[in-house]
>>> print(open('entry_11.cif').read())   # mmCIF, C-alpha atoms
data_my_file
loop_
_atom_site.group_PDB
_atom_site.id
_atom_site.type_symbol
_atom_site.label_atom_id
_atom_site.label_comp_id
_atom_site.auth_asym_id
_atom_site.auth_seq_id
_atom_site.Cartn_x
_atom_site.Cartn_y
_atom_site.Cartn_z
ATOM 1 C CA MET A 29 -106.867 56.681 -167.758
ATOM 2 C CA GLN A 30 -110.242 55.265 -168.722
ATOM 3 C CA LEU A 31 -109.896 52.385 -166.302
ATOM 4 C CA ASP A 32 -109.308 54.688 -163.333
ATOM 5 C CA LEU A 33 -112.113 57.052 -164.341
ATOM 6 C CA GLU A 34 -114.641 54.241 -164.663
ATOM 7 C CA SER A 35 -113.627 52.801 -161.291
ATOM 8 C CA LEU A 36 -113.843 56.217 -159.664
ATOM 9 C CA SER A 37 -117.242 56.809 -161.251
ATOM 10 C CA GLU A 38 -118.521 53.466 -159.947
ATOM 11 C CA ALA A 39 -117.173 54.209 -156.474
ATOM 12 C CA THR A 40 -118.666 57.700 -156.301
ATOM 13 C CA SER A 41 -122.135 56.734 -157.524
ATOM 14 C CA GLY A 42 -122.172 53.668 -155.256
ATOM 15 C CA ALA A 43 -121.128 55.683 -152.204
ATOM 16 C CA ILE A 44 -123.804 58.324 -152.823
ATOM 17 C CA GLY A 45 -126.423 55.597 -153.253
ATOM 18 C CA SER A 46 -125.311 54.013 -149.981
ATOM 19 C CA LEU A 47 -125.517 57.361 -148.167
ATOM 20 C CA VAL A 48 -129.095 57.918 -149.355
ATOM 21 C CA SER A 49 -130.314 54.413 -148.487
ATOM 22 C CA THR A 50 -128.651 54.454 -145.047
ATOM 23 C CA THR A 51 -130.241 57.781 -144.083
ATOM 24 C CA VAL A 52 -133.732 56.924 -145.331
ATOM 25 C CA LEU A 53 -133.891 53.514 -143.634
ATOM 26 C CA TYR A 54 -131.908 54.253 -140.463
ATOM 27 C CA PRO A 55 -134.827 54.122 -137.956
ATOM 28 C CA LEU A 56 -135.759 50.675 -139.279
ATOM 29 C CA ASP A 57 -132.114 49.623 -139.036
ATOM 30 C CA THR A 58 -131.936 50.750 -135.397
ATOM 31 C CA CYS A 59 -135.084 48.808 -134.443
ATOM 32 C CA LYS A 60 -133.815 45.727 -136.262
ATOM 33 C CA THR A 61 -130.357 45.870 -134.690
ATOM 34 C CA LYS A 62 -131.636 46.308 -131.122
ATOM 35 C CA TYR A 63 -134.052 43.396 -131.640
ATOM 36 C CA GLN A 64 -131.282 41.157 -132.990
ATOM 37 C CA ALA A 65 -128.866 42.062 -130.185
ATOM 38 C CA GLU A 66 -131.153 40.744 -127.436
ATOM 39 C CA VAL A 67 -130.476 37.091 -126.651
ATOM 40 C CA GLN A 68 -132.923 35.750 -124.071
ATOM 41 C CA ALA A 69 -135.313 32.857 -123.618
ATOM 42 C CA GLN A 70 -138.825 33.477 -124.978
ATOM 43 C CA HIS A 71 -140.389 34.343 -121.575
ATOM 44 C CA GLN A 72 -137.544 36.727 -120.631
ATOM 45 C CA ARG A 73 -137.424 38.817 -123.779
ATOM 46 C CA LYS A 74 -137.843 42.561 -123.538
ATOM 47 C CA TYR A 75 -138.717 42.779 -127.225
ATOM 48 C CA LYS A 76 -141.235 40.223 -128.487
ATOM 49 C CA SER A 77 -141.071 41.700 -131.995
ATOM 50 C CA ILE A 78 -139.301 44.490 -133.842
ATOM 51 C CA SER A 79 -142.338 46.748 -133.368
ATOM 52 C CA ASP A 80 -141.742 46.651 -129.589
ATOM 53 C CA VAL A 81 -138.506 48.585 -130.126
ATOM 54 C CA LEU A 82 -140.391 51.309 -131.958
ATOM 55 C CA TRP A 83 -143.122 51.501 -129.292
ATOM 56 C CA GLU A 84 -140.464 51.785 -126.572
ATOM 57 C CA ALA A 85 -138.957 54.792 -128.347
ATOM 58 C CA ILE A 86 -142.390 56.400 -128.641
ATOM 59 C CA ALA A 87 -143.442 55.604 -125.052
ATOM 60 C CA THR A 88 -140.235 57.031 -123.571
ATOM 61 C CA ARG A 89 -140.346 60.072 -125.873
ATOM 62 C CA GLN A 90 -137.041 59.092 -127.423
ATOM 63 C CA VAL A 91 -138.135 58.895 -131.055
ATOM 64 C CA LEU A 92 -135.106 60.909 -132.169
ATOM 65 C CA SER A 93 -132.931 58.257 -130.523
ATOM 66 C CA LEU A 94 -133.866 56.008 -133.429
ATOM 67 C CA TYR A 95 -131.253 58.101 -135.249
ATOM 68 C CA GLN A 96 -128.510 57.638 -132.644
ATOM 69 C CA GLY A 97 -125.251 56.871 -134.415
ATOM 70 C CA LEU A 98 -126.519 58.059 -137.812
ATOM 71 C CA GLY A 99 -123.522 60.316 -138.418
ATOM 72 C CA THR A 100 -121.021 57.531 -137.739
ATOM 73 C CA LYS A 101 -123.068 55.071 -139.782
ATOM 74 C CA ASN A 102 -123.192 57.467 -142.732
ATOM 75 C CA VAL A 103 -119.437 58.017 -142.650
ATOM 76 C CA GLN A 104 -118.841 54.261 -142.419
ATOM 77 C CA SER A 105 -121.370 53.539 -145.146
ATOM 78 C CA PHE A 106 -119.984 56.172 -147.528
ATOM 79 C CA ILE A 107 -116.332 55.202 -147.039
ATOM 80 C CA SER A 108 -116.931 51.450 -147.196
ATOM 81 C CA SER A 109 -119.142 51.716 -150.287
ATOM 82 C CA PHE A 110 -116.627 53.982 -152.049
ATOM 83 C CA ILE A 111 -113.719 51.658 -151.313
ATOM 84 C CA TYR A 112 -115.746 48.554 -152.175
ATOM 85 C CA PHE A 113 -117.121 49.781 -155.483
ATOM 86 C CA TYR A 114 -113.757 51.235 -156.503
ATOM 87 C CA GLY A 115 -111.924 48.026 -155.633
ATOM 88 C CA TYR A 116 -114.575 45.833 -157.259
ATOM 89 C CA SER A 117 -114.581 47.845 -160.486
ATOM 90 C CA TYR A 118 -110.782 48.124 -160.600
ATOM 91 C CA PHE A 119 -110.069 44.430 -159.962
ATOM 92 C CA ARG A 120 -112.836 43.366 -162.350
ATOM 93 C CA LYS A 121 -111.414 45.451 -165.200
ATOM 94 C CA LEU A 122 -107.894 44.327 -164.350
ATOM 95 C CA TYR A 123 -109.019 40.693 -164.584
ATOM 96 C CA LEU A 124 -110.643 41.275 -167.984
ATOM 97 C CA LYS A 125 -107.526 43.050 -169.243
ATOM 98 C CA LYS A 126 -105.148 40.307 -168.093
ATOM 99 C CA THR A 127 -107.277 37.417 -169.365
ATOM 100 C CA GLY A 128 -108.469 39.068 -172.546
ATOM 101 C CA ASN A 129 -112.041 37.953 -171.872
ATOM 102 C CA ARG A 130 -114.981 40.144 -172.818
ATOM 103 C CA SER A 131 -116.983 39.199 -169.712
ATOM 104 C CA ILE A 132 -116.243 37.842 -166.252
ATOM 105 C CA GLY A 133 -117.581 34.478 -165.090
ATOM 106 C CA THR A 134 -119.445 33.798 -161.854
ATOM 107 C CA ALA A 135 -116.497 32.198 -160.016
ATOM 108 C CA ALA A 136 -114.068 34.965 -160.953
ATOM 109 C CA ASN A 137 -116.678 37.573 -160.069
ATOM 110 C CA LEU A 138 -117.074 36.060 -156.593
ATOM 111 C CA ILE A 139 -113.312 36.121 -156.026
ATOM 112 C CA VAL A 140 -113.034 39.748 -157.151
ATOM 113 C CA ALA A 141 -116.007 40.813 -155.020
ATOM 114 C CA THR A 142 -114.654 38.992 -151.957
ATOM 115 C CA ALA A 143 -111.200 40.555 -152.329
ATOM 116 C CA ALA A 144 -112.757 44.015 -152.537
ATOM 117 C CA GLY A 145 -114.932 43.239 -149.500
ATOM 118 C CA VAL A 146 -112.069 42.055 -147.293
ATOM 119 C CA PHE A 147 -109.985 45.123 -148.157
ATOM 120 C CA THR A 148 -112.936 47.373 -147.283
ATOM 121 C CA ILE A 149 -113.673 45.716 -143.924
ATOM 122 C CA VAL A 150 -110.099 45.895 -142.642
ATOM 123 C CA ILE A 151 -110.149 49.668 -143.159
ATOM 124 C CA THR A 152 -113.660 50.474 -141.877
ATOM 125 C CA GLN A 153 -114.138 47.944 -139.043
ATOM 126 C CA PRO A 154 -113.690 50.471 -136.172
ATOM 127 C CA LEU A 155 -116.423 52.659 -137.666
ATOM 128 C CA ASP A 156 -118.707 49.640 -137.990
ATOM 129 C CA THR A 157 -118.097 48.607 -134.381
ATOM 130 C CA ALA A 158 -118.750 52.124 -133.065
ATOM 131 C CA SER A 159 -121.969 52.565 -135.041
ATOM 132 C CA SER A 160 -123.277 49.172 -133.855
ATOM 133 C CA ARG A 161 -122.594 50.028 -130.205
ATOM 134 C CA MET A 162 -124.274 53.407 -130.576
ATOM 135 C CA GLN A 163 -127.338 51.829 -132.196
ATOM 136 C CA THR A 164 -127.739 49.150 -129.522
ATOM 137 C CA SER A 165 -127.249 51.515 -126.571
ATOM 138 C CA GLU A 166 -130.252 52.352 -124.403
ATOM 139 C CA PHE A 167 -132.410 55.057 -125.977
ATOM 140 C CA GLY A 168 -131.060 58.477 -125.070
ATOM 141 C CA LYS A 169 -127.800 57.086 -123.654
ATOM 142 C CA ALA A 170 -125.720 56.655 -126.815
ATOM 143 C CA LYS A 171 -122.236 58.162 -126.629
ATOM 144 C CA GLY A 172 -120.344 59.969 -129.365
ATOM 145 C CA PHE A 173 -118.034 58.233 -131.815
ATOM 146 C CA TRP A 174 -114.725 59.118 -130.153
ATOM 147 C CA LYS A 175 -115.995 58.396 -126.649
ATOM 148 C CA THR A 176 -117.404 55.049 -127.765
ATOM 149 C CA LEU A 177 -114.059 53.954 -129.193
ATOM 150 C CA SER A 178 -111.839 55.581 -126.533
ATOM 151 C CA GLU A 179 -113.483 53.552 -123.755
ATOM 152 C CA GLY A 180 -112.011 50.378 -125.234
ATOM 153 C CA THR A 181 -108.779 49.205 -126.825
ATOM 154 C CA TRP A 182 -107.935 48.963 -130.509
ATOM 155 C CA SER A 183 -108.507 45.212 -130.332
ATOM 156 C CA GLU A 184 -112.026 45.900 -129.102
ATOM 157 C CA ALA A 185 -112.533 48.338 -131.968
ATOM 158 C CA TYR A 186 -111.880 45.392 -134.273
ATOM 159 C CA GLU A 187 -114.305 43.067 -132.483
ATOM 160 C CA GLY A 188 -116.172 40.994 -134.998
ATOM 161 C CA LEU A 189 -113.464 41.385 -137.659
ATOM 162 C CA GLY A 190 -113.332 37.627 -138.276
ATOM 163 C CA ILE A 191 -117.067 37.256 -138.796
ATOM 164 C CA SER A 192 -117.160 40.493 -140.806
ATOM 165 C CA ILE A 193 -114.606 39.011 -143.181
ATOM 166 C CA LEU A 194 -116.718 35.849 -143.339
ATOM 167 C CA LEU A 195 -119.698 38.033 -144.228
ATOM 168 C CA THR A 196 -117.911 39.403 -147.301
ATOM 169 C CA THR A 197 -119.665 36.481 -148.945
ATOM 170 C CA ASN A 198 -122.912 38.458 -148.516
ATOM 171 C CA PRO A 199 -122.112 41.413 -150.791
ATOM 172 C CA SER A 200 -120.058 39.073 -152.965
ATOM 173 C CA ILE A 201 -123.121 36.900 -153.599
ATOM 174 C CA GLN A 202 -125.324 39.967 -153.950
ATOM 175 C CA TYR A 203 -123.231 41.957 -156.415
ATOM 176 C CA THR A 204 -122.225 38.872 -158.384
ATOM 177 C CA ALA A 205 -125.879 37.917 -158.823
ATOM 178 C CA TYR A 206 -126.771 41.533 -159.603
ATOM 179 C CA ASP A 207 -123.955 41.961 -162.105
ATOM 180 C CA GLN A 208 -124.693 38.692 -163.892
ATOM 181 C CA LEU A 209 -128.412 39.510 -164.178
ATOM 182 C CA LYS A 210 -127.594 43.049 -165.268
ATOM 183 C CA GLN A 211 -125.281 41.804 -168.019
ATOM 184 C CA ARG A 212 -128.035 39.573 -169.358
ATOM 185 C CA ILE A 213 -130.560 42.408 -169.399
ATOM 186 C CA LEU A 214 -128.163 44.821 -171.072
ATOM 187 C CA LYS A 215 -126.896 42.247 -173.584
ATOM 188 C CA GLY A 216 -127.145 43.700 -177.034
ATOM 189 C CA LYS A 217 -127.461 47.252 -175.681
ATOM 190 C CA ILE A 218 -123.759 47.893 -175.120
ATOM 191 C CA SER A 219 -122.477 50.814 -177.177
ATOM 192 C CA LYS A 220 -120.735 49.754 -180.389
ATOM 193 C CA LYS A 221 -118.793 52.986 -180.706
ATOM 194 C CA THR A 222 -115.024 52.529 -180.961
ATOM 195 C CA GLY A 223 -112.319 55.021 -180.287
ATOM 196 C CA THR A 224 -114.629 57.191 -178.165
ATOM 197 C CA LYS A 225 -115.404 57.269 -174.495
ATOM 198 C CA SER A 226 -119.088 56.477 -174.168
ATOM 199 C CA SER A 227 -120.897 56.373 -170.870
ATOM 200 C CA PRO A 228 -121.620 52.896 -169.438
ATOM 201 C CA GLU A 229 -125.036 51.409 -170.100
ATOM 202 C CA ALA A 230 -127.449 51.852 -167.184
ATOM 203 C CA LEU A 231 -130.575 49.999 -166.077
ATOM 204 C CA SER A 232 -133.902 51.705 -165.572
ATOM 205 C CA ALA A 233 -134.738 52.652 -161.978
ATOM 206 C CA PHE A 234 -137.362 49.904 -161.714
ATOM 207 C CA SER A 235 -135.074 47.195 -163.146
ATOM 208 C CA ALA A 236 -132.212 48.205 -160.844
ATOM 209 C CA PHE A 237 -134.567 48.214 -157.839
ATOM 210 C CA MET A 238 -135.921 44.726 -158.615
ATOM 211 C CA LEU A 239 -132.522 43.197 -159.357
ATOM 212 C CA GLY A 240 -131.109 44.720 -156.189
ATOM 213 C CA ALA A 241 -133.992 43.327 -154.133
ATOM 214 C CA VAL A 242 -133.732 39.802 -155.538
ATOM 215 C CA SER A 243 -129.935 39.575 -155.247
ATOM 216 C CA LYS A 244 -129.854 40.951 -151.687
ATOM 217 C CA CYS A 245 -132.679 38.688 -150.502
ATOM 218 C CA ALA A 246 -130.781 35.604 -151.662
ATOM 219 C CA ALA A 247 -127.520 36.757 -150.042
ATOM 220 C CA THR A 248 -129.235 37.622 -146.734
ATOM 221 C CA CYS A 249 -130.999 34.271 -146.378
ATOM 222 C CA LEU A 250 -127.745 32.382 -146.969
ATOM 223 C CA THR A 251 -125.669 34.359 -144.468
ATOM 224 C CA TYR A 252 -128.169 35.362 -141.772
ATOM 225 C CA PRO A 253 -126.862 33.234 -138.828
ATOM 226 C CA ALA A 254 -123.487 34.965 -139.210
ATOM 227 C CA ILE A 255 -125.216 38.365 -139.375
ATOM 228 C CA ARG A 256 -126.981 37.665 -136.074
ATOM 229 C CA CYS A 257 -123.703 36.652 -134.420
ATOM 230 C CA LYS A 258 -121.991 39.813 -135.668
ATOM 231 C CA VAL A 259 -124.664 42.034 -134.111
ATOM 232 C CA MET A 260 -124.277 40.219 -130.769
ATOM 233 C CA ILE A 261 -120.483 40.557 -130.791
ATOM 234 C CA GLN A 262 -120.532 44.299 -131.518
ATOM 235 C CA ALA A 263 -123.580 45.262 -129.403
ATOM 236 C CA ALA A 264 -123.306 47.610 -126.439
ATOM 237 C CA GLU A 265 -123.832 46.131 -122.981
ATOM 238 C CA SER A 266 -127.466 46.275 -121.896
ATOM 239 C CA ASP A 267 -128.667 47.324 -118.454
ATOM 240 C CA ASP A 268 -131.091 44.385 -118.560
ATOM 241 C CA ASP A 269 -128.391 41.830 -119.321
ATOM 242 C CA LYS A 270 -127.961 39.564 -116.288
ATOM 243 C CA SER A 271 -125.014 37.653 -117.741
ATOM 244 C CA THR A 272 -121.807 37.361 -115.764
ATOM 245 C CA GLU A 273 -118.625 39.128 -116.850
ATOM 246 C CA ALA A 274 -117.200 35.838 -118.128
ATOM 247 C CA GLU A 275 -120.348 35.143 -120.161
ATOM 248 C CA ARG A 276 -120.269 38.628 -121.682
ATOM 249 C CA LYS A 277 -116.642 38.168 -122.720
ATOM 250 C CA ALA A 278 -117.458 34.787 -124.228
ATOM 251 C CA GLN A 279 -120.248 36.356 -126.285
ATOM 252 C CA ARG A 280 -117.660 38.600 -127.953
ATOM 253 C CA THR A 281 -116.284 35.591 -129.842
ATOM 254 C CA ILE A 282 -117.864 33.728 -132.756
ATOM 255 C CA SER A 283 -118.034 30.413 -130.901
ATOM 256 C CA GLY A 284 -119.368 32.129 -127.763
ATOM 257 C CA ALA A 285 -122.096 33.933 -129.690
ATOM 258 C CA LEU A 286 -123.137 30.726 -131.432
ATOM 259 C CA TYR A 287 -123.257 28.836 -128.125
ATOM 260 C CA THR A 288 -125.263 31.572 -126.387
ATOM 261 C CA ILE A 289 -127.887 31.628 -129.143
ATOM 262 C CA TRP A 290 -128.124 27.839 -129.137
ATOM 263 C CA LYS A 291 -128.396 27.645 -125.336
ATOM 264 C CA ARG A 292 -130.974 30.410 -124.826
ATOM 265 C CA GLU A 293 -133.028 30.394 -128.016
ATOM 266 C CA GLY A 294 -132.424 27.087 -129.774
ATOM 267 C CA VAL A 295 -132.027 26.524 -133.506
ATOM 268 C CA LEU A 296 -134.690 29.079 -134.426
ATOM 269 C CA GLY A 297 -132.684 31.713 -132.570
ATOM 270 C CA PHE A 298 -130.157 31.741 -135.400
ATOM 271 C CA PHE A 299 -132.911 33.155 -137.612
ATOM 272 C CA LYS A 300 -134.490 35.553 -135.104
ATOM 273 C CA GLY A 301 -135.167 38.835 -136.882
ATOM 274 C CA LEU A 302 -134.672 37.371 -140.360
ATOM 275 C CA GLN A 303 -137.855 38.958 -141.711
ATOM 276 C CA ALA A 304 -136.819 42.409 -140.481
ATOM 277 C CA GLN A 305 -133.302 41.894 -141.838
ATOM 278 C CA ILE A 306 -134.663 40.966 -145.264
ATOM 279 C CA VAL A 307 -137.019 43.948 -145.375
ATOM 280 C CA LYS A 308 -134.304 46.390 -144.323
ATOM 281 C CA THR A 309 -131.420 45.026 -146.408
ATOM 282 C CA VAL A 310 -133.527 44.412 -149.507
ATOM 283 C CA LEU A 311 -134.951 47.934 -149.421
ATOM 284 C CA SER A 312 -131.523 49.380 -148.626
ATOM 285 C CA SER A 313 -129.731 47.474 -151.372
ATOM 286 C CA ALA A 314 -132.437 48.085 -153.944
ATOM 287 C CA LEU A 315 -132.504 51.815 -153.124
ATOM 288 C CA LEU A 316 -128.702 52.003 -153.213
ATOM 289 C CA LEU A 317 -128.451 50.331 -156.606
ATOM 290 C CA MET A 318 -131.371 52.332 -158.005
ATOM 291 C CA VAL A 319 -129.724 55.633 -157.005
ATOM 292 C CA LYS A 320 -126.352 54.370 -158.247
ATOM 293 C CA GLU A 321 -127.722 53.470 -161.678
ATOM 294 C CA LYS A 322 -129.605 56.753 -162.040
ATOM 295 C CA ILE A 323 -126.576 58.928 -161.270
ATOM 296 C CA ALA A 324 -124.007 56.676 -162.982
ATOM 297 C CA LYS A 325 -124.050 58.569 -166.292
ATOM 298 C CA SER A 326 -123.907 61.972 -164.577
ATOM 299 C CA THR A 327 -120.995 60.795 -162.441
ATOM 300 C CA TRP A 328 -119.242 59.407 -165.516
ATOM 301 C CA ILE A 329 -119.563 62.746 -167.325
ATOM 302 C CA LEU A 330 -118.253 64.556 -164.231
ATOM 303 C CA MET A 331 -115.238 62.233 -164.040
ATOM 304 C CA LEU A 332 -114.476 62.813 -167.728
ATOM 305 C CA MET A 333 -114.590 66.564 -167.191
ATOM 306 C CA ILE A 334 -112.248 66.278 -164.204
ATOM 307 C CA GLY A 335 -109.932 64.006 -166.162
ATOM 308 C CA ARG A 336 -109.763 66.381 -169.123
ATOM 309 C CA TYR A 337 -109.206 69.347 -166.830
ATOM 310 C CA LEU A 338 -106.305 67.596 -165.091
ATOM 311 C CA SER A 339 -104.753 66.445 -168.368
ATOM 312 C CA VAL A 340 -104.897 69.973 -169.826
ATOM 313 C CA ASN A 341 -103.659 71.692 -166.683
ATOM 314 C CA SER A 342 -101.127 69.111 -165.479
ATOM 315 C CA PRO A 343 -98.141 70.977 -167.042
ATOM 316 C CA LYS A 344 -99.236 74.161 -165.300
ATOM 317 C CA LEU A 345 -99.701 72.339 -161.981
ATOM 318 C CA LYS A 346 -96.223 70.815 -162.258
ATOM 319 C CA ALA A 347 -94.753 74.232 -162.983
ATOM 320 C CA ILE A 348 -96.305 75.589 -159.817
#
>>> encode(input="entry_11.cif", output="structure tokens")
Amino acid sequence: MQLDLESLSEATSGAIGSLVSTTVLYPLDTCKTKYQAEVQAQHQRKYKSISDVLWEAIATRQVLSLYQGLGTKNVQSFISSFIYFYGYSYFRKLYLKKTGNRSIGTAANLIVATAAGVFTIVITQPLDTASSRMQTSEFGKAKGFWKTLSEGTWSEAYEGLGISILLTTNPSIQYTAYDQLKQRILKGKISKKTGTKSSPEALSAFSAFMLGAVSKCAATCLTYPAIRCKVMIQAAESDDDKSTEAERKAQRTISGALYTIWKREGVLGFFKGLQAQIVKTVLSSALLLMVKEKIAKSTWILMLMIGRYLSVNSPKLKAI
């Protein structure tokens, strides 16, 4: 039972951390996403920098539109984080149990993290697509979740699935680096109690924040061209886009997105918005992991209480 409780505790604390970080940083995420979605030559760009997106919202009195799609994004973020952290914790413990090792190596950790990531994406991809379209819509013109998805087919709801699966390497690199660094810091601090259920060791808020920032920065830099392509594929159609219907359809594929960036913006276009992406994702990841670490023990205690309650009352529940 301990294995399931620990996995559930990891999933719950991770999902709550993700919910907090998504809500706090959502306006920045909206500005970043709209800036990344625009693919034009230098002299034709509507947004010269990410700050132009913010000034547009202020000038048009649509500041609240910086939060368009927040509800969908929060649901997607919570569900995906819960599934990911549960799967990652479960598969990691299963690996240690089967191999008899006391710790997991880097290669095995990457495989476990990637497997958890792929499983998560297949389930939550429609939510991700809808939230991206709502974010990149014109300010004040974003549609609701169901209307956004109902206007297209199920295949369109899964647009960007291939590149999303490719991008499982991002959290895989991040959490592998984070977990390895965390294990080194906590080495020697692991509880030596046997026969009792002790709460997992936790990092301080500052240590978790710094490790989260470093690990996410490395993962973002390595995978950014794919991140840019994913935003393009899932973005809503812009009123300022002068592309033909055939060109717009081509941009919905990985090869088409890559070609469009290369043709209109050159090599540097693959890294357009990298600074904003690093700032947002590093802050988001660091905040997520900081919150997760701080509530990990409380969540663990809650799970133990639930587990004991169910074990004591299971005969009564079966009788009912």
>>> resolve_selection(input="entry_11.cif", expression="the PyMOL selection byres ((chain A and resi 282) around 8)", output="ChimeraX atom specification")
/A:188,191,257-258,261,279-281,283-286
>>> resolve_selection(input="entry_11.cif", expression="the PyMOL selection byres ((chain A and resi 99) around 12)", output="list in words")
Leu47, Thr50, Thr51, Tyr54, Tyr95, Gln96, Gly97, Leu98, Thr100, Lys101, Asn102, Val103, Gln104, Ser105, Phe106, Leu155, Asp156, Ala158, Ser159, Met162, Gln163, Gly172 and Phe173 of chain A
>>> residues_around(input="entry_11.cif", residues="segment 68-78 of chain A", least_positions_apart="2", cutoff="12 Å", atoms="all atoms listed in the file", output="ChimeraX atom specification")
/A:55-66,80-85,260,266-271,288-294,296-297,300-305,307-308
>>> atom_distance(input="entry_11.cif", atom1="atom CA of Leu195 of chain A", atom2="atom CA of Ile151 of chain A")
15.1 Å
>>> atom_distance(input="entry_11.cif", atom1="atom CA of Lys322 of chain A", atom2="atom CA of Val310 of chain A")
18.0 Å
>>> closest_residue(input="entry_11.cif", among="A:Phe298, A:Phe119, A:Trp182, A:Phe167", to="Leu250 of chain A", atoms="all atoms listed in the file")
A:Phe298
>>> atom_distance(input="entry_11.cif", atom1="atom CA of Met318 of chain A", atom2="atom CA of Ala236 of chain A")
5.1 Å
>>> resolve_selection(input="entry_11.cif", expression="the PyMOL selection byres ((chain A and resi 193) around 9)", output="PyMOL selection string")
chain A and resi 142+145-146+149-150+188-192+194-197
>>> closest_residue(input="entry_11.cif", among="A:Val319, A:Ala324, A:Ile139, A:Ile329", to="Tyr123 of chain A", atoms="only C-alpha atoms")
A:Ile139
>>> closest_residue(input="entry_11.cif", among="A:Leu317, A:Ala264, A:Ile306, A:Val295", to="Asp207 of chain A", atoms="only C-alpha atoms")
A:Leu317
>>> closest_residue(input="entry_11.cif", among="A:Ser117, A:Thr181, A:Ser312, A:Ser79", to="Glu34 of chain A", atoms="only C-alpha atoms")
A:Ser117
>>> decode(input="entry_11.cif", residues="segment 55-70 of chain A", atoms="C-alpha atoms", output="PDB file, in the first residue's frame")
ATOM      1  CA  PRO A  55      -0.482  36.726 -18.095  1.00  0.00           C
ATOM      2  CA  LEU A  56       3.213  36.259 -18.889  1.00  0.00           C
ATOM      3  CA  ASP A  57       2.413  32.931 -20.541  1.00  0.00           C
ATOM      4  CA  THR A  58      -0.252  34.555 -22.731  1.00  0.00           C
ATOM      5  CA  CYS A  59       2.113  37.323 -23.887  1.00  0.00           C
ATOM      6  CA  LYS A  60       4.847  34.785 -24.591  1.00  0.00           C
ATOM      7  CA  THR A  61       2.567  32.436 -26.523  1.00  0.00           C
ATOM      8  CA  LYS A  62       1.074  35.168 -28.729  1.00  0.00           C
ATOM      9  CA  TYR A  63       4.586  36.462 -29.487  1.00  0.00           C
ATOM     10  CA  GLN A  64       5.822  32.978 -30.404  1.00  0.00           C
ATOM     11  CA  ALA A  65       2.798  32.231 -32.599  1.00  0.00           C
ATOM     12  CA  GLU A  66       3.477  35.133 -34.974  1.00  0.00           C
ATOM     13  CA  VAL A  67       5.675  34.100 -37.893  1.00  0.00           C
ATOM     14  CA  GLN A  68       6.517  37.067 -40.114  1.00  0.00           C
ATOM     15  CA  ALA A  69       9.546  38.755 -41.617  1.00  0.00           C
ATOM     16  CA  GLN A  70      11.154  41.402 -39.387  1.00  0.00           C
TER      17      GLN A  70
END
